[in-house]
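Asker: Structure file final38.cif (mmCIF, C-alpha atoms) is given on the next line.
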data_my_file
loop_
_atom_site.label_atom_id
_atom_site.label_comp_id
_atom_site.auth_asym_id
_atom_site.auth_seq_id
_atom_site.Cartn_x
_atom_site.Cartn_y
_atom_site.Cartn_z
CA MET H 1 2.17 2.36 -4.35
CA TRP H 2 3.39 5.59 -5.91
CA SER H 3 6.41 3.65 -7.20
CA HIS H 4 4.29 0.86 -8.71
CA ARG H 5 6.16 -0.12 -11.87
CA SER H 6 3.18 -0.47 -14.19
CA TRP H 7 2.04 3.08 -13.36
CA GLN H 8 5.31 4.72 -14.38
CA GLY H 9 4.97 6.50 -17.69
CA LYS H 10 1.19 5.87 -17.62
CA PHE H 11 -0.11 7.58 -14.49
CA LEU H 12 3.17 8.69 -12.95
CA SER H 13 6.50 10.02 -14.09
CA PRO H 14 8.72 7.68 -16.16
CA PRO H 15 11.04 5.22 -14.39
CA LEU H 16 14.09 7.46 -14.65
CA ALA H 17 12.33 10.39 -12.94
CA ALA H 18 13.09 11.21 -9.31
CA ALA H 19 11.00 9.27 -6.79
CA HIS H 20 9.53 12.45 -5.32
CA GLU H 21 7.96 13.23 -8.69
CA ARG H 22 6.04 9.95 -8.54
CA LEU H 23 4.47 10.73 -5.17
CA ARG H 24 3.57 14.20 -6.38
CA GLY H 25 2.06 12.62 -9.47
CA TYR H 26 0.10 10.07 -7.44
CA ALA H 27 -1.29 12.87 -5.26
CA SER H 28 -2.68 14.51 -8.40
CA TRP H 29 -4.67 11.34 -9.17
CA CYS H 30 -5.88 10.46 -5.66
CA ASN H 31 -6.15 12.35 -2.38
CA ALA H 32 -5.32 9.45 -0.05
CA VAL H 33 -2.89 6.53 0.04
CA GLU H 34 -2.48 3.35 2.05
CA GLY H 35 0.87 3.31 3.80
CA ASN H 36 1.80 -0.36 3.38
CA THR H 37 5.58 0.08 3.51
CA THR H 38 5.38 1.12 7.16
CA PHE H 39 4.32 -2.46 7.95
CA TYR H 40 7.83 -3.67 7.10
CA ALA H 41 9.84 -0.90 8.74
CA THR H 42 9.30 2.42 10.44
CA PRO H 43 10.47 5.11 8.00
CA THR H 44 12.95 7.79 9.01
CA ARG H 45 11.57 11.14 10.04
CA GLU H 46 13.40 12.69 7.08
CA THR H 47 11.64 10.34 4.66
CA VAL H 48 8.25 11.22 6.14
CA ALA H 49 9.08 14.93 5.96
CA SER H 50 9.72 14.48 2.23
CA TRP H 51 6.26 12.86 1.87
CA ALA H 52 4.74 15.92 3.53
CA ARG H 53 6.58 18.30 1.19
CA GLN H 54 5.27 16.44 -1.85
CA THR H 55 1.59 16.53 -0.85
CA ASP H 56 -0.97 19.19 -0.01
CA PRO H 57 -2.23 19.53 3.57
CA ASP H 58 -5.57 17.95 2.65
CA PHE H 59 -3.92 14.76 1.31
CA ARG H 60 -4.34 11.77 3.65
CA PHE H 61 -2.03 8.90 4.58
CA VAL H 62 -3.50 5.81 6.26
CA ALA H 63 -0.32 4.35 7.77
CA LYS H 64 -0.15 0.69 8.72
CA LEU H 65 1.50 -0.17 12.03
CA PRO H 66 4.77 -2.13 11.82
CA LYS H 67 4.41 -5.90 11.88
CA ILE H 68 6.52 -6.13 15.02
CA VAL H 69 3.67 -4.36 16.81
CA THR H 70 0.68 -6.18 15.33
CA HIS H 71 1.92 -9.60 14.24
CA GLU H 72 5.07 -10.40 16.18
CA ARG H 73 4.33 -8.91 19.60
CA ARG H 74 0.54 -8.80 19.10
CA LEU H 75 0.14 -5.33 20.66
CA THR H 76 1.99 -6.28 23.86
CA ASP H 77 5.12 -4.57 25.24
CA VAL H 78 5.39 -2.26 22.23
CA ASP H 79 5.61 1.17 23.87
CA ALA H 80 9.10 1.85 22.49
CA GLN H 81 8.14 0.78 18.97
CA MET H 82 4.98 2.92 19.05
CA ARG H 83 6.83 5.98 20.30
CA ALA H 84 9.33 5.62 17.45
CA PHE H 85 6.57 5.08 14.89
CA LEU H 86 4.45 8.06 15.95
CA ALA H 87 7.51 10.30 16.22
CA ALA H 88 8.56 9.36 12.69
CA LEU H 89 5.10 10.24 11.34
CA GLU H 90 4.89 13.63 13.06
CA PRO H 91 5.99 15.59 9.95
CA LEU H 92 2.78 14.51 8.20
CA GLY H 93 0.75 16.70 10.53
CA PRO H 94 -2.89 16.76 9.36
CA ARG H 95 -2.02 14.44 6.46
CA LEU H 96 -2.04 11.45 8.85
CA GLY H 97 -5.63 10.43 8.33
CA ALA H 98 -5.47 7.33 10.52
CA VAL H 99 -3.15 4.86 12.18
CA TRP H 100 -4.06 1.55 10.56
CA VAL H 101 -4.00 -1.45 12.91
CA GLN H 102 -4.12 -4.49 10.59
CA LEU H 103 -4.33 -7.61 12.72
CA PRO H 104 -3.50 -11.18 11.68
CA GLY H 105 -6.15 -13.81 11.02
CA SER H 106 -5.23 -15.48 14.30
CA PHE H 107 -6.36 -12.42 16.27
CA ALA H 108 -9.60 -13.78 17.71
CA PRO H 109 -12.48 -12.40 19.81
CA ALA H 110 -10.66 -13.60 22.94
CA ASP H 111 -7.91 -11.07 22.13
CA VAL H 112 -10.14 -7.98 22.01
CA GLY H 113 -9.25 -6.99 25.58
CA GLY H 114 -5.62 -6.63 24.57
CA LEU H 115 -6.62 -4.48 21.62
CA VAL H 116 -8.58 -2.14 23.87
CA ARG H 117 -5.66 -1.79 26.28
CA PHE H 118 -3.36 -1.02 23.35
CA LEU H 119 -5.69 1.58 21.81
CA ARG H 120 -6.24 3.34 25.14
CA ARG H 121 -2.49 3.93 25.42
CA LEU H 122 -2.33 5.77 22.10
CA PRO H 123 -2.59 9.57 22.03
CA ARG H 124 -6.20 10.57 21.44
CA SER H 125 -4.97 13.07 18.86
CA HIS H 126 -4.48 10.16 16.44
CA ARG H 127 -7.40 8.53 14.70
CA CYS H 128 -7.18 4.75 14.71
CA ALA H 129 -8.72 2.26 12.30
CA VAL H 130 -8.62 -1.49 12.89
CA GLU H 131 -8.75 -4.29 10.32
CA VAL H 132 -9.50 -7.80 11.59
CA ARG H 133 -9.53 -11.03 9.60
CA HIS H 134 -10.69 -13.73 12.00
CA PRO H 135 -13.93 -15.22 10.59
CA ALA H 136 -15.75 -15.07 13.93
CA PHE H 137 -15.93 -11.26 13.82
CA PHE H 138 -18.04 -11.57 10.66
CA THR H 139 -20.11 -14.68 11.39
CA ASP H 140 -20.73 -14.55 15.15
CA PRO H 141 -23.00 -11.62 16.17
CA ARG H 142 -21.62 -11.71 19.73
CA ALA H 143 -18.04 -11.35 18.48
CA GLU H 144 -19.09 -8.55 16.13
CA ARG H 145 -20.81 -6.64 18.96
CA LEU H 146 -17.81 -7.21 21.23
CA LEU H 147 -15.43 -5.62 18.73
CA GLU H 148 -17.80 -2.78 17.84
CA GLN H 149 -18.26 -1.90 21.50
CA ALA H 150 -14.53 -2.11 22.14
CA LEU H 151 -13.68 0.18 19.23
CA GLY H 152 -16.48 2.56 20.24
CA THR H 153 -14.94 3.14 23.66
CA VAL H 154 -11.87 4.71 22.03
CA GLY H 155 -13.49 6.21 18.90
CA ALA H 156 -11.72 3.81 16.53
CA GLU H 157 -13.04 2.71 13.14
CA TRP H 158 -13.41 -0.83 11.80
CA ILE H 159 -11.94 -1.14 8.28
CA PRO H 160 -13.82 -3.65 6.10
CA PHE H 161 -11.82 -5.37 3.36
CA ASP H 162 -14.40 -6.27 0.73
CA THR H 163 -13.12 -9.26 -1.26
CA THR H 164 -16.55 -10.61 -2.19
CA THR H 165 -16.35 -9.48 -5.81
CA PHE H 166 -12.90 -11.01 -6.22
CA PHE H 167 -13.88 -14.41 -4.89
CA ARG H 168 -17.21 -14.57 -6.72
CA ASP H 169 -15.68 -16.33 -9.76
CA PRO H 170 -12.51 -18.37 -10.32
CA PRO H 171 -9.33 -16.46 -11.26
CA ARG H 172 -8.63 -15.72 -14.92
CA SER H 173 -5.12 -14.25 -14.93
CA ASP H 174 -1.76 -14.92 -13.31
CA ALA H 175 -2.24 -11.94 -10.99
CA GLU H 176 -5.68 -13.17 -10.00
CA ARG H 177 -4.40 -16.68 -9.35
CA ASP H 178 -1.66 -15.28 -7.13
CA ALA H 179 -4.14 -13.11 -5.21
CA TRP H 180 -6.55 -16.05 -4.96
CA ALA H 181 -3.99 -17.86 -2.82
CA LYS H 182 -3.00 -14.85 -0.69
CA LYS H 183 -6.01 -12.61 -0.12
CA PRO H 184 -8.44 -13.29 2.74
CA ARG H 185 -11.98 -14.42 1.99
CA MET H 186 -13.81 -11.81 4.00
CA ALA H 187 -17.54 -11.64 4.64
CA LEU H 188 -19.13 -8.36 3.57
CA ARG H 189 -19.33 -5.62 6.20
CA THR H 190 -20.80 -2.20 5.40
CA ALA H 191 -21.35 -0.50 8.78
CA ALA H 192 -19.42 2.59 9.89
CA LEU H 193 -18.57 3.31 13.53
CA THR H 194 -17.22 6.87 13.19
CA ASP H 195 -17.53 9.94 10.99
CA ARG H 196 -14.41 8.85 9.04
CA PRO H 197 -15.13 5.35 7.67
CA ILE H 198 -12.40 3.64 5.62
CA VAL H 199 -13.08 0.86 3.10
CA ARG H 200 -10.69 -1.41 1.21
CA TYR H 201 -12.24 -2.91 -1.91
CA LEU H 202 -10.68 -5.64 -4.09
CA GLY H 203 -12.06 -6.04 -7.60
CA ARG H 204 -10.85 -8.05 -10.60
CA ASP H 205 -8.29 -7.34 -13.30
CA ASP H 206 -11.18 -6.69 -15.70
CA PRO H 207 -12.10 -3.04 -14.95
CA GLU H 208 -15.78 -3.52 -15.80
CA ARG H 209 -16.11 -6.40 -13.35
CA THR H 210 -14.46 -4.22 -10.71
CA VAL H 211 -16.95 -1.43 -11.41
CA GLU H 212 -19.88 -3.85 -11.31
CA GLY H 213 -18.79 -5.06 -7.88
CA TRP H 214 -18.50 -1.62 -6.32
CA ARG H 215 -22.07 -0.48 -7.09
CA ARG H 216 -23.14 -1.13 -3.50
CA TRP H 217 -20.26 1.03 -2.26
CA VAL H 218 -21.38 3.96 -4.37
CA ASP H 219 -24.75 3.83 -2.63
CA ILE H 220 -23.19 3.37 0.82
CA THR H 221 -20.72 6.20 0.26
CA LEU H 222 -23.51 8.52 -0.82
CA GLY H 223 -25.41 7.66 2.35
CA TRP H 224 -22.37 8.37 4.50
CA LEU H 225 -21.73 11.71 2.82
CA ARG H 226 -25.35 12.75 3.28
CA GLU H 227 -25.04 11.86 6.96
CA GLY H 228 -22.11 14.26 7.24
CA ARG H 229 -19.41 11.57 7.32
CA SER H 230 -16.13 11.82 5.40
CA PRO H 231 -15.38 8.36 3.97
CA THR H 232 -12.22 7.09 2.29
CA LEU H 233 -12.35 4.17 -0.16
CA PHE H 234 -9.28 2.43 -1.56
CA VAL H 235 -9.70 0.54 -4.84
CA HIS H 236 -7.54 -2.51 -5.48
CA THR H 237 -7.31 -5.08 -8.26
CA PRO H 238 -4.99 -8.12 -8.30
CA ASP H 239 -2.50 -6.42 -10.64
CA ASN H 240 -3.42 -2.83 -9.60
CA ALA H 241 -2.54 -1.79 -13.16
CA ASP H 242 -5.46 0.64 -13.50
CA ALA H 243 -6.10 1.41 -9.81
CA PRO H 244 -5.61 5.22 -10.01
CA ALA H 245 -8.02 5.54 -12.94
CA LEU H 246 -10.51 3.23 -11.23
CA ALA H 247 -10.32 5.25 -8.00
CA ARG H 248 -11.16 8.41 -9.95
CA ARG H 249 -13.96 6.60 -11.74
CA PHE H 250 -15.47 5.62 -8.39
CA HIS H 251 -15.22 9.23 -7.21
CA ASP H 252 -16.84 10.44 -10.45
CA GLU H 253 -19.74 8.02 -10.00
CA VAL H 254 -20.38 9.32 -6.49
CA ARG H 255 -20.02 12.95 -7.59
CA ALA H 256 -22.45 12.44 -10.49
CA ARG H 257 -25.12 11.77 -7.88
CA LEU H 258 -23.81 14.32 -5.36
CA PRO H 259 -22.49 17.32 -7.36
CA ALA H 260 -21.57 19.18 -4.17
CA LEU H 261 -18.73 16.72 -3.63
CA ALA H 262 -15.43 18.41 -4.44
CA PRO H 263 -13.63 17.12 -7.55
CA LEU H 264 -10.28 15.41 -7.37
CA PRO H 265 -7.25 17.40 -8.58
CA ALA H 266 -6.29 17.43 -12.24
CA PRO H 267 -3.68 14.72 -12.88
CA LEU H 268 -0.16 15.85 -13.69
CA PRO H 269 1.18 14.65 -17.06
CA ALA H 270 2.96 11.33 -16.77
CA GLU H 271 5.39 12.11 -19.57
CA PRO H 272 7.82 15.05 -19.43
CA LEU H 273 6.76 18.00 -21.54
CA THR H 274 8.81 18.56 -24.71
CA LEU H 275 8.93 21.21 -27.44
CA PHE H 276 7.97 18.74 -30.16
#
Kindly return the structure encoded in the file as structure tokens.
Answerer:
Amino acid sequence: MWSHRSWQGKFLSPPLAAAHERLRGYASWCNAVEGNTTFYATPTRETVASWARQTDPDFRFVAKLPKIVTHERRLTDVDAQMRAFLAALEPLGPRLGAVWVQLPGSFAPADVGGLVRFLRRLPRSHRCAVEVRHPAFFTDPRAERLLEQALGTVGAEWIPFDTTTFFRDPPRSDAERDAWAKKPRMALRTAALTDRPIVRYLGRDDPERTVEGWRRWVDITLGWLREGRSPTLFVHTPDNADAPALARRFHDEVRARLPALAPLPAPLPAEPLTLF
């Protein structure tokens, strides 16, 4: 997302600036990023090393597994692909907050055994977080317990994707109409399994409606922090035009009620400095 066009010149360096300046700029707005591009192809080790150079050691990447692993081969016979993926990400060091296993909607409770076998083969040095989209995991208590128990055996987290605010009212913009057709209608889940919960939240293009919808997450995040957990929350909107500012606003709302929470870094200027 650090190359998102609508952010350039607003939150990040202008379009003609070098790409590495945009990642550095993003890391001054937020201290974590979803690694969506890794879903389409495993990056080169040199590319990942450049990401590490542009971010501080306490910055966190949540890197999505390649689709060949999760969607095409469905976690089976993927040892070679996983070795290549984990080797490519090694330069991130402590910046790799979690390996993100996003599974397709067809991944059902009957497939949980395969997920456990896959997770047990991963190095325990890597945190894993799993996102499922099959409705049964959210509506059938037995399926929910099955997945929770399976993830608990390997210390993996369950990532909820909260789309309840988005689907509460009909779409009102082109971006919302596009997302309406593509985004999953997920039931709300607010439980954490580990000390590092990860939440994905989808609001609306209207910032105030997005803020209204995340109120519950402010309370939940405060509870997690007071329990000694270290949560990460990613804020999305259909057009993502104001996502960095919204992410900081969420952090500010939590910090207003928990002043001991460390502030986010001061954003770098989006425009180049001039003499006039």
Asker: First collect every listed atom of range 69-85 of chain H; then fit an axis-aligned box around them, widen it by 5 Å on each side, and give centre and edge lengths in Å to one decimal, as AutoDock Vina command-line options.
Answerer:
--center_x 4.7 --center_y -2.2 --center_z 19.7 --size_x 19.2 --size_y 26.4 --size_z 21.0
Asker: Using the chain letters and numbering of this document, enumerate as an NGL selection string the residues selected by the PyMOL selection byres ((chain H and resi 196) around 10).
Answerer: :H and (97-98 or 127 or 129 or 156-157 or 192-195 or 197-198 or 224 or 228-232)
Asker: To test your reading of the syntax: which residues would the PyMOL selection byres ((chain H and resi 68) around 12) return for the file shown? Reply as a list of chain:residue names.
Answerer: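 After applying the PyMOL selection byres ((chain H and resi 68) around 12), what remains is H:Thr38, H:Phe39, H:Tyr40, H:Ala41, H:Thr42, H:Lys64, H:Leu65, H:Pro66, H:Lys67, H:Val69, H:Thr70, H:His71, H:Glu72, H:Arg73, H:Arg74, H:Leu75, H:Thr76, H:Asp77, H:Val78, H:Asp79, H:Ala80, H:Gln81, H:Met82, H:Phe85, H:Val101, H:Gln102, H:Leu103, H:Pro104.
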Asker: Quick one: which residues end up in the PyMOL selection byres ((chain H and resi 257-267) around 9) for this structure, as a PyMOL selection string?
Answerer: chain H and resi 11+25-31+222+225-226+248+251-256+268-270
Asker: CA of Arg200 in chain H and CA of Glu34 in chain H are how many Å apart?
Answerer: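 Separation between CA of Arg200 in chain H and CA of Glu34 in chain H: 9.5 Å.
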Asker: Point out the residue among H:Lys183, H:Arg142, H:Arg215, H:Arg117 with the least atom-to-atom distance to Arg249 in chain H, counting only C-alpha atoms.
Answerer: H:Arg215
Asker: If you measure from CA of Arg45 in chain H to CA of Arg83 in chain H, what distance in Å do you get, rounded to one decimal?
Answerer: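 Spanning CA of Arg45 in chain H to CA of Arg83 in chain H is a straight-line distance of 12.4 Å.
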Asker: Find the residues around Asp140 in chain H up to 12 Å (only C-alpha atoms counted), leave out those fewer than 6 positions away in its own chain, and share them as a list in words.
Answerer: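 Using only C-alpha atoms, the neighbours found are Ala108, Pro109, His134, Leu146, Leu147 and Ala187 of chain H.
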Asker: I'd like to know which of H:Pro91, H:Gly35, H:Gly105, H:Gly152 is closest to Pro57 in chain H, using all atoms listed in the file.
Answerer: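 When distances to Pro57 in chain H are compared using all atoms listed in the file, the smallest one comes from H:Pro91.
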Asker: Looking at all atoms listed in the file, which of H:Val62, H:Leu202, H:Ala87, H:Ala191 is the one that sits closest to Gly223 in chain H?
Answerer: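 When distances to Gly223 in chain H are compared using all atoms listed in the file, the smallest one comes from H:Ala191.
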Asker: Quick one: of H:Ala32, H:Val130, H:Val116, H:Ala49, who's nearest to Pro244 in chain H, counting only C-alpha atoms?
Answerer: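 Nearest candidate to Pro244 in chain H out of H:Ala32, H:Val130, H:Val116, H:Ala49: H:Ala32.
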Asker: Generate N, CA, C and O atoms for range 20-38 of chain H and emit them as a PDB file, keeping the file's coordinate frame.
Answerer:
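Contents of part.pdb, freshly written:
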ATOM      1  N   HIS H  20      10.476  11.470  -5.873  1.00  0.00           N
ATOM      2  CA  HIS H  20       9.530  12.450  -5.320  1.00  0.00           C
ATOM      3  C   HIS H  20       8.535  12.920  -6.384  1.00  0.00           C
ATOM      4  O   HIS H  20       7.435  13.345  -6.064  1.00  0.00           O
ATOM      5  N   GLU H  21       8.897  12.841  -7.645  1.00  0.00           N
ATOM      6  CA  GLU H  21       7.960  13.230  -8.690  1.00  0.00           C
ATOM      7  C   GLU H  21       6.823  12.218  -8.808  1.00  0.00           C
ATOM      8  O   GLU H  21       5.709  12.568  -9.192  1.00  0.00           O
ATOM      9  N   ARG H  22       7.096  10.960  -8.467  1.00  0.00           N
ATOM     10  CA  ARG H  22       6.040   9.950  -8.540  1.00  0.00           C
ATOM     11  C   ARG H  22       5.004  10.160  -7.448  1.00  0.00           C
ATOM     12  O   ARG H  22       3.807  10.046  -7.695  1.00  0.00           O
ATOM     13  N   LEU H  23       5.430  10.459  -6.233  1.00  0.00           N
ATOM     14  CA  LEU H  23       4.470  10.730  -5.170  1.00  0.00           C
ATOM     15  C   LEU H  23       3.650  11.968  -5.500  1.00  0.00           C
ATOM     16  O   LEU H  23       2.433  11.986  -5.322  1.00  0.00           O
ATOM     17  N   ARG H  24       4.306  12.992  -6.005  1.00  0.00           N
ATOM     18  CA  ARG H  24       3.570  14.200  -6.380  1.00  0.00           C
ATOM     19  C   ARG H  24       2.563  13.878  -7.486  1.00  0.00           C
ATOM     20  O   ARG H  24       1.443  14.370  -7.491  1.00  0.00           O
ATOM     21  N   GLY H  25       2.981  13.012  -8.417  1.00  0.00           N
ATOM     22  CA  GLY H  25       2.060  12.620  -9.470  1.00  0.00           C
ATOM     23  C   GLY H  25       0.898  11.811  -8.944  1.00  0.00           C
ATOM     24  O   GLY H  25      -0.249  12.022  -9.331  1.00  0.00           O
ATOM     25  N   TYR H  26       1.177  10.855  -8.031  1.00  0.00           N
ATOM     26  CA  TYR H  26       0.100  10.070  -7.440  1.00  0.00           C
ATOM     27  C   TYR H  26      -0.906  10.982  -6.736  1.00  0.00           C
ATOM     28  O   TYR H  26      -2.126  10.792  -6.834  1.00  0.00           O
ATOM     29  N   ALA H  27      -0.410  11.977  -6.010  1.00  0.00           N
ATOM     30  CA  ALA H  27      -1.290  12.870  -5.260  1.00  0.00           C
ATOM     31  C   ALA H  27      -2.133  13.752  -6.164  1.00  0.00           C
ATOM     32  O   ALA H  27      -3.077  14.396  -5.700  1.00  0.00           O
ATOM     33  N   SER H  28      -1.810  13.782  -7.465  1.00  0.00           N
ATOM     34  CA  SER H  28      -2.680  14.510  -8.400  1.00  0.00           C
ATOM     35  C   SER H  28      -3.787  13.595  -8.935  1.00  0.00           C
ATOM     36  O   SER H  28      -4.746  14.077  -9.522  1.00  0.00           O
ATOM     37  N   TRP H  29      -3.640  12.296  -8.763  1.00  0.00           N
ATOM     38  CA  TRP H  29      -4.670  11.340  -9.170  1.00  0.00           C
ATOM     39  C   TRP H  29      -5.638  11.034  -8.036  1.00  0.00           C
ATOM     40  O   TRP H  29      -6.845  10.901  -8.243  1.00  0.00           O
ATOM     41  N   CYS H  30      -5.092  10.872  -6.824  1.00  0.00           N
ATOM     42  CA  CYS H  30      -5.880  10.460  -5.660  1.00  0.00           C
ATOM     43  C   CYS H  30      -5.511  11.349  -4.476  1.00  0.00           C
ATOM     44  O   CYS H  30      -4.406  11.883  -4.423  1.00  0.00           O
ATOM     45  N   ASN H  31      -6.439  11.478  -3.530  1.00  0.00           N
ATOM     46  CA  ASN H  31      -6.150  12.350  -2.380  1.00  0.00           C
ATOM     47  C   ASN H  31      -5.929  11.571  -1.087  1.00  0.00           C
ATOM     48  O   ASN H  31      -5.997  12.143   0.004  1.00  0.00           O
ATOM     49  N   ALA H  32      -5.678  10.262  -1.208  1.00  0.00           N
ATOM     50  CA  ALA H  32      -5.320   9.450  -0.050  1.00  0.00           C
ATOM     51  C   ALA H  32      -4.497   8.258  -0.523  1.00  0.00           C
ATOM     52  O   ALA H  32      -4.587   7.862  -1.690  1.00  0.00           O
ATOM     53  N   VAL H  33      -3.714   7.692   0.390  1.00  0.00           N
ATOM     54  CA  VAL H  33      -2.890   6.530   0.040  1.00  0.00           C
ATOM     55  C   VAL H  33      -2.795   5.615   1.253  1.00  0.00           C
ATOM     56  O   VAL H  33      -2.787   6.078   2.401  1.00  0.00           O
ATOM     57  N   GLU H  34      -2.766   4.316   0.999  1.00  0.00           N
ATOM     58  CA  GLU H  34      -2.480   3.350   2.050  1.00  0.00           C
ATOM     59  C   GLU H  34      -0.974   3.270   2.252  1.00  0.00           C
ATOM     60  O   GLU H  34      -0.229   3.053   1.290  1.00  0.00           O
ATOM     61  N   GLY H  35      -0.549   3.402   3.491  1.00  0.00           N
ATOM     62  CA  GLY H  35       0.870   3.310   3.800  1.00  0.00           C
ATOM     63  C   GLY H  35       1.257   1.884   4.142  1.00  0.00           C
ATOM     64  O   GLY H  35       1.365   1.533   5.321  1.00  0.00           O
ATOM     65  N   ASN H  36       1.459   1.044   3.130  1.00  0.00           N
ATOM     66  CA  ASN H  36       1.800  -0.360   3.380  1.00  0.00           C
ATOM     67  C   ASN H  36       3.263  -0.553   3.756  1.00  0.00           C
ATOM     68  O   ASN H  36       3.598  -1.487   4.487  1.00  0.00           O
ATOM     69  N   THR H  37       4.154   0.295   3.253  1.00  0.00           N
ATOM     70  CA  THR H  37       5.580   0.080   3.510  1.00  0.00           C
ATOM     71  C   THR H  37       5.914   0.214   4.991  1.00  0.00           C
ATOM     72  O   THR H  37       6.897  -0.377   5.456  1.00  0.00           O
ATOM     73  N   THR H  38       5.113   0.961   5.735  1.00  0.00           N
ATOM     74  CA  THR H  38       5.380   1.120   7.160  1.00  0.00           C
ATOM     75  C   THR H  38       5.169  -0.173   7.935  1.00  0.00           C
ATOM     76  O   THR H  38       5.604  -0.289   9.081  1.00  0.00           O
TER      77      THR H  38
END
